[in-house]
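First up is the structure itself, then whatever we jot down about it.
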Amino acid sequence: MFQSLKPLPPDAIIGIMGLFREDDDPYKVDLSVGVYQDEGGNTPVLECVRQAEQQVLSEQKTKSYVGIAGNASFNESVEKILFGADHPARKTGRISSVQTPGGSGGLSVAGHMIIRAQRDAQVWLSDPSWPNHLPLLRLAGLRLQQYPYYDYKNHGIDFDAMIDTFNKLGVGDLVLLHGCCHNPCGADLSRDQWDRLADLFESRGIVPFLDFAYQGLAEGLEEDAYGVRLMAERLDEVIVVTSCSKNFGLYRERVGMTSVISKDVKQAKVAQSNLGNVARGIYSMPPDHGAAIVSRVLNDNELSAIWIEELAQMRERLNDLRHLIVDKLNERGAPRDFSFIASERGMFSFLGISQEQAIRLREEFHVYTLESGRINVAGINQSNVDYVADAIVAIL
Ligand SMILES: Cc1ncc(COP(=O)(O)O)c(C=O)c1O
């Protein structure tokens with residue numbers, strides 16, 4: 001049977017990670033990985049997580065299953081972080097949530113939920129978007145389309161082109177927007193643009209599908225949630241998928257959540273039972289450990305304070321590095337304006353270089369980016385920033 005399968009090319013990112021591992025140059029720099037790195041190049045276990053984990057393990061009494069919707073305290077605490085404790089959609093019981101295996105599991109649940117509600121639904125993805133959106137949502141059976149988003153020439157969002165596309169959509173169309181820290185381009189919607197999209201979606205019956213994998217890593221927990229909270233307040237139906245991989249550093253523990261906002265409380269109960277049923281059909285029960293840690297952190301004042309501080313450190317480091325690399329490129333008289341990097345947010349930005357230039361960076365200077373020129377800003381640090389800036393200027 002399996003003889004009918006065709007071999008697949010290796011994943012581009014994993015291929016580059018392999019090349020980096022094999023490179024024994026002492027000056028090599030990895031700007032390709034998709035995880036946060038600290039000044040020492042490590043992806044640390046947060047202190048709040050370490051402490052919460054010890055408490056969870058010492059108090060755990062069973063390894064029996066958690067429920068289909070996962071850890072109820074996790075769902076409630078994350079909803080409060082996401083929407084704010086007093087959000088009108090929470091107060092009126094319009095939100096239904098299930099804990100999921102990471103944001104990826106959450107996107108899968110969302111995809112299956114959409115197709116169950118509407119067989120011919122189309123989801124519009126930004127061009128470009130996180131490459132995994134495609135297989136995750138396609139496997140759920142959704143039809144996928146692309147809307148223009150990033151203008152590679154001007155290093156910003158092509159908002160007019162977005163609006164032109166959305167003006168042609170209507171009931172039955174879903175638009176996937178990144179809540180903040182757009183992956184892979186780092187260019188986020190302004191508040192004014194979110195406001196305009198809420199008006200447009202409301203008038204055309206478009207359903208927002210919000211992927212919120214980086215809350216707290218752009219401007220702050222509250223600030224980053226502007227678009228998600230606005231859409232959940234203004235529109236009858238919204239889907240939000242969140243992840244604790246980045247903001248809690250819990251990547252391998254697989255912690256995320258899918259929330260559906262329904263028109264009213266009656267519909268929300270129907271959505272809740274369907275979310276559970278969809279999850280049951282994919283993986284049955286979510287894993288316990290990571291969600292138990294997050295729940296512990298968010299329900300303990302001391303641990304929450306440590307988390308807020310650690311999250312701020314990660315965010316400030318990313319934003320400082322963005323300014324630092326721009327300054328270093330300017331000092332070297334780079335023949336281009338790179339200031340867009342400083343105004344983008346999150347871990348990723350496009351350098352705006354060609355595939356050939358990205359290959360030169362890798363082969364001549366041992367600086368690893370994706371071949372699209374996408375970098376992970378967190379791979380820069382005080383000891384490699386001069387070398388990275390020299391290398392970029394050399395290949396321009
Ligand atoms: C835009 C976006 N959405 C979702 C995810 C899913 O993250 P995870 O499944 O690791 O929680 C990621 C991870 O890189 C992402 O960048």
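Residues in the structure tokens are named by chain (A, B, ... in the order shown) and by number from 1 within that chain; ligands are numbered from 1 in the order shown.
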Select from chain A every residue with an atom at most 9 Å from any atom of ligand 1, then for each give the shortest pair of atoms and their distance in Å to one decimal, using only C-alpha atoms and all ligand atoms, rows by chain and rising number, as a tab-separated table.
```
residue	atom	partner	partner_atom_place_in_ligand_line	distance
A:Gly34	CA	ligand 1	14 (O)	6.2
A:Val35	CA	ligand 1	14 (O)	7.5
A:Thr100	CA	ligand 1	11 (O)	9.0
A:Pro101	CA	ligand 1	9 (O)	7.1
A:Gly102	CA	ligand 1	11 (O)	3.6
A:Gly103	CA	ligand 1	11 (O)	3.6
A:Ser104	CA	ligand 1	9 (O)	3.6
A:Gly105	CA	ligand 1	9 (O)	6.3
A:Gly106	CA	ligand 1	9 (O)	7.7
A:Leu107	CA	ligand 1	4 (C)	7.4
A:Ser129	CA	ligand 1	1 (C)	7.4
A:Trp130	CA	ligand 1	1 (C)	5.2
A:Pro131	CA	ligand 1	1 (C)	8.6
A:Asn132	CA	ligand 1	4 (C)	7.9
A:His133	CA	ligand 1	3 (N)	7.5
A:His178	CA	ligand 1	1 (C)	6.5
A:Gly179	CA	ligand 1	1 (C)	8.7
A:Cys180	CA	ligand 1	1 (C)	8.8
A:Cys181	CA	ligand 1	1 (C)	8.1
A:His182	CA	ligand 1	1 (C)	6.6
A:Asn183	CA	ligand 1	1 (C)	5.1
A:Pro184	CA	ligand 1	16 (O)	7.6
A:Asp211	CA	ligand 1	3 (N)	5.7
A:Phe212	CA	ligand 1	3 (N)	6.7
A:Ala213	CA	ligand 1	3 (N)	5.0
A:Tyr214	CA	ligand 1	16 (O)	7.7
A:Val241	CA	ligand 1	4 (C)	7.9
A:Thr242	CA	ligand 1	4 (C)	7.5
A:Ser243	CA	ligand 1	11 (O)	4.5
A:Cys244	CA	ligand 1	11 (O)	6.1
A:Ser245	CA	ligand 1	11 (O)	4.7
A:Lys246	CA	ligand 1	11 (O)	7.4
A:Leu250	CA	ligand 1	11 (O)	8.3
A:Tyr251	CA	ligand 1	10 (O)	5.4
A:Arg252	CA	ligand 1	10 (O)	7.5
A:Glu253	CA	ligand 1	11 (O)	9.0
A:Arg254	CA	ligand 1	11 (O)	6.0
A:Val255	CA	ligand 1	11 (O)	6.2
A:Gly256	CA	ligand 1	11 (O)	5.9
```
Can you spit out the residues from that selection as a short mmCIF file (atom, residue, chain, number, x, y, z; two decimals), in the first residue's frame, using C-alpha atoms?
```cif
data_model
loop_
_atom_site.label_atom_id
_atom_site.label_comp_id
_atom_site.auth_asym_id
_atom_site.auth_seq_id
_atom_site.Cartn_x
_atom_site.Cartn_y
_atom_site.Cartn_z
CA GLY A 34 11.77 29.75 14.64
CA VAL A 35 12.26 29.90 18.40
CA THR A 100 -5.31 22.21 22.28
CA PRO A 101 -1.91 20.61 21.56
CA GLY A 102 -0.12 23.88 20.75
CA GLY A 103 -1.29 26.58 18.38
CA SER A 104 -0.90 24.07 15.54
CA GLY A 105 -3.38 21.69 17.18
CA GLY A 106 -5.61 24.71 17.76
CA LEU A 107 -5.52 25.65 14.08
CA SER A 129 1.86 33.63 5.89
CA TRP A 130 3.30 31.06 8.29
CA PRO A 131 4.05 28.15 5.91
CA ASN A 132 2.33 25.61 8.19
CA HIS A 133 -1.06 27.30 7.80
CA HIS A 178 -2.09 37.32 12.59
CA GLY A 179 -2.97 38.92 15.95
CA CYS A 180 0.53 40.45 16.23
CA CYS A 181 4.17 39.71 15.32
CA HIS A 182 3.27 38.58 11.81
CA ASN A 183 5.16 35.45 10.83
CA PRO A 184 7.17 35.73 8.60
CA ASP A 211 -3.98 33.34 14.81
CA PHE A 212 -2.50 34.80 17.99
CA ALA A 213 0.75 32.92 18.58
CA TYR A 214 2.84 35.79 20.00
CA VAL A 241 -6.30 30.38 18.14
CA THR A 242 -3.62 31.07 20.70
CA SER A 243 -0.35 29.40 21.64
CA CYS A 244 1.77 29.35 24.80
CA SER A 245 4.81 28.11 22.88
CA LYS A 246 6.47 31.51 22.56
CA LEU A 250 6.62 25.94 26.40
CA TYR A 251 7.20 24.85 22.81
CA ARG A 252 7.61 21.09 23.31
CA GLU A 253 4.87 20.83 25.91
CA ARG A 254 2.27 21.66 23.22
CA VAL A 255 -0.01 24.22 24.83
CA GLY A 256 -2.61 26.23 22.98
#
```
| task | Identify all residues of region 224-327 of chain A in strand (DSSP E) (DSSP on the backbone) and supply them as a ChimeraX atom specification. | result | /A:238-243,256-261
| Neighbours of Ile261 (chain A) within 8 Å (only C-alpha atoms; same-chain residues fewer than 2 positions away dropped), as a count of residues only? | 12
| request: Report the residues of region 74-316 of chain A whose backbone DSSP state falls under alpha helix (DSSP H), written as a PyMOL selection string. | output: chain A and resi 74-83+88-91+102-117+133-139+159-166+191-204+221-224+226-234+265-282+289-298+301-316
| In terms of the shortest atom-to-atom distance over only C-alpha atoms, which of A:Ala389, A:Leu396, A:Met231, A:Leu177 is closest to Phe209 (chain A)? | A:Leu177
